[in-house]
Amino acid sequence: MKKKKNKIMPFTFKIDFTNRTLSNPDSHIIRKLSSMKGQYLDQSIYNGMLKKEDTVLYEVYEKLAPEIEGELIQGLSIVHPGKVGREYFMTKGHFHSVLETAELYFCLKGQGYMIMETPEGDWSAEELVPYTALYVPGRWAHRSINVGSEDLLMLFVYPAHAGHNYVTIETKGFRKLIVEENSNPKLIDNPRWKGKNEFKTSQ
Ligand code: F6R
Ligand code: MN
């Protein structure tokens, strides 16, 4: 659970690669298969997997800061390896509530992609391998996808006042998907993506 920070002092933190965590995290978010309803193409495989087990898809540890302009929140995201049909384990994905706020990711371990898009219809897919830094500009929704066979570990930093808008992606998904084809990741159009530019501002 997130707990708000009101006052902050300079600090350092360490990434523990063995235990896949941060030193003294302020929050630990665990997202399971059940939180991805409607996001995977093959609904029957999704439902079948969910019936058997509500598998943990990814985890996020954060070091919090006051949620005001000027401060930064940083943390570690760990997307576990696995697939739902031809699609890989991935994050829910979101726009920032303050749309014009950017984010920096730094890939530490594993193999993945970041799928991104703007309300205006631009999109981008960037490959993530260790020591790759990825800049997600303001206005770009982002979702990380683990296309490898080990955990995908990334450090991230974003403005503390950004907030998260999940509802647009929950409703419409992303325009592009990454699926496995002949044992390789392949970018495809999301066949269920309809309409355009219906960006929702309510969270
Ligand atoms: C913060 C951010 C990441 C994600 C994390 C989990 O703005 O982009 O820390 O929160 O990768 O993804 P979501 O939040 O989409 O479940
Ligand atoms: Mn973000």
# chains A, B, ... in the order shown; residues from 1 in each chain; ligands from 1

call {"tool": "residues_near_ligand", "arguments": {"ligand": "ligand 2", "cutoff": "8 Å", "atoms": "only C-alpha atoms and all ligand atoms", "output": "PyMOL selection string"}}
result
chain A and resi 93-96+102-103+141-142+158+162+164

call {"tool": "residues_around", "arguments": {"residues": "stretch 32-44 of chain A", "least_positions_apart": "5", "cutoff": "6 Å", "atoms": "only C-alpha atoms", "output": "mmCIF file with N, CA and C atoms, in the first residue's frame"}}
result
data_model
loop_
_atom_site.group_PDB
_atom_site.id
_atom_site.type_symbol
_atom_site.label_atom_id
_atom_site.label_comp_id
_atom_site.auth_asym_id
_atom_site.auth_seq_id
_atom_site.Cartn_x
_atom_site.Cartn_y
_atom_site.Cartn_z
ATOM 1 N N ASP A 54 -4.609 -16.967 -9.413
ATOM 2 C CA ASP A 54 -4.482 -15.523 -9.665
ATOM 3 C C ASP A 54 -2.991 -15.164 -9.586
ATOM 4 N N THR A 55 -2.284 -15.500 -10.644
ATOM 5 C CA THR A 55 -0.818 -15.369 -10.691
ATOM 6 C C THR A 55 -0.367 -13.914 -10.536
ATOM 7 N N VAL A 56 0.741 -13.711 -9.829
ATOM 8 C CA VAL A 56 1.349 -12.372 -9.736
ATOM 9 C C VAL A 56 2.070 -12.079 -11.049
ATOM 10 N N LEU A 57 1.666 -10.995 -11.726
ATOM 11 C CA LEU A 57 2.302 -10.626 -12.994
ATOM 12 C C LEU A 57 3.484 -9.694 -12.778
#

call {"tool": "residues_around", "arguments": {"residues": "A:Gln111", "least_positions_apart": "4", "cutoff": "8 Å", "atoms": "only C-alpha atoms", "output": "short mmCIF file (atom, residue, chain, number, x, y, z; two decimals) with C-alpha atoms, in the first residue's frame"}}
result
data_model
loop_
_atom_site.label_atom_id
_atom_site.label_comp_id
_atom_site.auth_asym_id
_atom_site.auth_seq_id
_atom_site.Cartn_x
_atom_site.Cartn_y
_atom_site.Cartn_z
CA GLU A 127 13.15 -2.39 -26.82
CA LEU A 128 14.48 -2.70 -23.28
CA VAL A 129 17.66 -4.60 -22.47
CA PRO A 130 20.04 -4.07 -19.54
CA ASN A 146 8.42 -8.82 -20.40
CA VAL A 147 9.32 -10.76 -23.55
CA GLY A 148 12.12 -12.78 -21.93
CA GLU A 150 13.58 -14.05 -16.54
CA LEU A 152 12.35 -7.71 -16.19
#

call {"tool": "select_by_dssp", "arguments": {"residues": "stretch 96-136 of chain A", "states": "strand (DSSP E or B)", "output": "ChimeraX atom specification"}}
result
/A:96,103-109,112-117,123-128,133-136

call {"tool": "residues_near_ligand", "arguments": {"ligand": "ligand 1", "cutoff": "9 Å", "atoms": "only C-alpha atoms and all ligand atoms", "output": "PyMOL selection string"}}
result
chain A and resi 29-31+58-62+73-79+90-96+102-105+141-144+154-160+162-166

call {"tool": "write_last_selection", "arguments": {"atoms": "N, CA and C atoms", "output": "short mmCIF file (atom, residue, chain, number, x, y, z; two decimals), in the first residue's frame"}}
result
data_model
loop_
_atom_site.label_atom_id
_atom_site.label_comp_id
_atom_site.auth_asym_id
_atom_site.auth_seq_id
_atom_site.Cartn_x
_atom_site.Cartn_y
_atom_site.Cartn_z
N ILE A 29 3.65 -2.65 -4.38
CA ILE A 29 2.40 -2.94 -5.09
C ILE A 29 2.55 -4.29 -5.80
N ILE A 30 1.55 -5.14 -5.62
CA ILE A 30 1.56 -6.45 -6.28
C ILE A 30 0.35 -6.51 -7.21
N ARG A 31 0.61 -6.73 -8.50
CA ARG A 31 -0.53 -6.79 -9.43
C ARG A 31 -0.64 -8.22 -10.00
N TYR A 58 3.31 -8.72 -11.87
CA TYR A 58 4.41 -7.78 -11.63
C TYR A 58 4.30 -7.14 -10.26
N GLU A 59 5.42 -6.56 -9.84
CA GLU A 59 5.50 -5.90 -8.53
C GLU A 59 6.21 -4.56 -8.68
N VAL A 60 5.88 -3.64 -7.83
CA VAL A 60 6.51 -2.31 -7.86
C VAL A 60 6.87 -1.90 -6.44
N TYR A 61 8.13 -1.52 -6.24
CA TYR A 61 8.57 -0.94 -4.96
C TYR A 61 8.85 0.53 -5.20
N GLU A 62 8.38 1.38 -4.30
CA GLU A 62 8.62 2.81 -4.49
C GLU A 62 9.26 3.47 -3.27
N ILE A 73 9.37 10.76 -7.55
CA ILE A 73 9.15 9.43 -6.98
C ILE A 73 9.96 8.46 -7.81
N GLN A 74 10.61 7.54 -7.14
CA GLN A 74 11.42 6.57 -7.87
C GLN A 74 11.21 5.19 -7.30
N GLY A 75 11.56 4.20 -8.10
CA GLY A 75 11.35 2.84 -7.61
C GLY A 75 11.80 1.79 -8.59
N LEU A 76 11.43 0.58 -8.25
CA LEU A 76 11.84 -0.60 -9.02
C LEU A 76 10.60 -1.34 -9.47
N SER A 77 10.52 -1.64 -10.76
CA SER A 77 9.41 -2.47 -11.23
C SER A 77 9.96 -3.82 -11.68
N ILE A 78 9.22 -4.85 -11.32
CA ILE A 78 9.65 -6.21 -11.64
C ILE A 78 8.49 -6.89 -12.36
N VAL A 79 8.64 -7.09 -13.65
CA VAL A 79 7.60 -7.81 -14.40
C VAL A 79 8.09 -9.25 -14.54
N MET A 90 2.58 -8.33 -18.63
CA MET A 90 2.81 -6.89 -18.85
C MET A 90 2.13 -6.09 -17.75
N THR A 91 2.45 -4.81 -17.71
CA THR A 91 1.81 -3.94 -16.71
C THR A 91 0.47 -3.45 -17.25
N LYS A 92 -0.38 -2.94 -16.35
CA LYS A 92 -1.67 -2.39 -16.78
C LYS A 92 -1.45 -1.28 -17.81
N GLY A 93 -0.53 -0.38 -17.49
CA GLY A 93 -0.25 0.77 -18.34
C GLY A 93 -1.16 1.93 -17.98
N HIS A 94 -0.65 3.13 -18.16
CA HIS A 94 -1.41 4.32 -17.75
C HIS A 94 -0.90 5.58 -18.44
N PHE A 95 -1.77 6.59 -18.45
CA PHE A 95 -1.35 7.97 -18.68
C PHE A 95 -1.07 8.55 -17.30
N HIS A 96 -0.28 9.58 -17.22
CA HIS A 96 -0.19 10.32 -15.97
C HIS A 96 -1.37 11.27 -15.89
N ALA A 102 6.65 13.64 -17.59
CA ALA A 102 7.46 12.60 -18.24
C ALA A 102 7.90 11.55 -17.22
N GLU A 103 8.65 10.57 -17.70
CA GLU A 103 9.18 9.53 -16.80
C GLU A 103 10.45 8.97 -17.41
N LEU A 104 11.39 8.60 -16.58
CA LEU A 104 12.61 7.94 -17.05
C LEU A 104 12.64 6.51 -16.53
N TYR A 105 12.93 5.57 -17.42
CA TYR A 105 13.12 4.17 -17.04
C TYR A 105 14.56 3.77 -17.34
N ALA A 141 1.19 7.54 -22.77
CA ALA A 141 0.83 6.39 -21.92
C ALA A 141 1.91 5.33 -22.10
N HIS A 142 2.15 4.54 -21.06
CA HIS A 142 3.24 3.56 -21.15
C HIS A 142 2.88 2.26 -20.44
N ARG A 143 3.32 1.17 -21.07
CA ARG A 143 3.10 -0.19 -20.54
C ARG A 143 4.37 -0.98 -20.76
N SER A 144 4.91 -1.63 -19.71
CA SER A 144 6.09 -2.47 -19.92
C SER A 144 5.69 -3.93 -20.08
N MET A 154 13.35 -2.89 -13.78
CA MET A 154 13.60 -1.52 -14.24
C MET A 154 13.51 -0.53 -13.10
N LEU A 155 14.42 0.41 -13.14
CA LEU A 155 14.36 1.55 -12.22
C LEU A 155 13.54 2.63 -12.93
N PHE A 156 12.70 3.34 -12.20
CA PHE A 156 11.94 4.42 -12.84
C PHE A 156 11.94 5.65 -11.94
N VAL A 157 11.78 6.80 -12.56
CA VAL A 157 11.73 8.08 -11.85
C VAL A 157 10.68 8.95 -12.52
N TYR A 158 9.75 9.51 -11.75
CA TYR A 158 8.73 10.38 -12.35
C TYR A 158 8.35 11.48 -11.37
N PRO A 159 7.80 12.59 -11.89
CA PRO A 159 7.44 13.72 -11.02
C PRO A 159 6.39 13.29 -9.99
N ALA A 160 6.64 13.69 -8.75
CA ALA A 160 5.81 13.19 -7.64
C ALA A 160 4.35 13.64 -7.73
N ALA A 162 2.62 13.64 -10.55
CA ALA A 162 2.07 13.16 -11.83
C ALA A 162 0.71 12.48 -11.68
N GLY A 163 0.55 11.63 -10.69
CA GLY A 163 -0.69 10.86 -10.54
C GLY A 163 -0.84 9.85 -11.67
N HIS A 164 -1.79 8.93 -11.53
CA HIS A 164 -1.97 7.88 -12.53
C HIS A 164 -3.40 7.81 -13.02
N ASN A 165 -3.56 7.79 -14.32
CA ASN A 165 -4.87 7.65 -14.95
C ASN A 165 -4.89 6.28 -15.64
N TYR A 166 -5.60 5.33 -15.03
CA TYR A 166 -5.66 3.97 -15.58
C TYR A 166 -6.89 3.76 -16.45
#

call {"tool": "closest_atom_pairs", "arguments": {"of": "stretch 78-123 of chain A", "to": "stretch 176-180 of chain A", "cutoff": "9 Å", "atoms": "only C-alpha atoms", "output": "JSON lines"}}
result
{"residue": "A:Lys83", "atom": "CA", "partner": "A:Glu180", "partner_atom": "CA", "distance": 8.9}
{"residue": "A:Gly85", "atom": "CA", "partner": "A:Val179", "partner_atom": "CA", "distance": 8.8}
{"residue": "A:Arg86", "atom": "CA", "partner": "A:Glu180", "partner_atom": "CA", "distance": 5.2}
{"residue": "A:Glu87", "atom": "CA", "partner": "A:Val179", "partner_atom": "CA", "distance": 4.7}
{"residue": "A:Tyr88", "atom": "CA", "partner": "A:Val179", "partner_atom": "CA", "distance": 6.8}
{"residue": "A:Tyr113", "atom": "CA", "partner": "A:Ile178", "partner_atom": "CA", "distance": 8.3}
{"residue": "A:Ile115", "atom": "CA", "partner": "A:Lys176", "partner_atom": "CA", "distance": 7.3}
{"residue": "A:Met116", "atom": "CA", "partner": "A:Lys176", "partner_atom": "CA", "distance": 8.5}
{"residue": "A:Glu117", "atom": "CA", "partner": "A:Lys176", "partner_atom": "CA", "distance": 8.7}
{"residue": "A:Trp123", "atom": "CA", "partner": "A:Lys176", "partner_atom": "CA", "distance": 7.9}

call {"tool": "select_by_dssp", "arguments": {"residues": "stretch 107-185 of chain A", "states": "alpha helix (DSSP H)", "output": "PyMOL selection string"}}
result
chain A and resi 167-172

call {"tool": "closest_residue", "arguments": {"among": "A:Ala125, A:Ser97, A:His28, A:Tyr46", "to": "A:Pro185", "atoms": "only C-alpha atoms"}}
result
A:Ala125

call {"tool": "atom_distance", "arguments": {"atom1": "atom CA of A:Gly121", "atom2": "atom CA of A:Val167"}}
result
17.0 Å
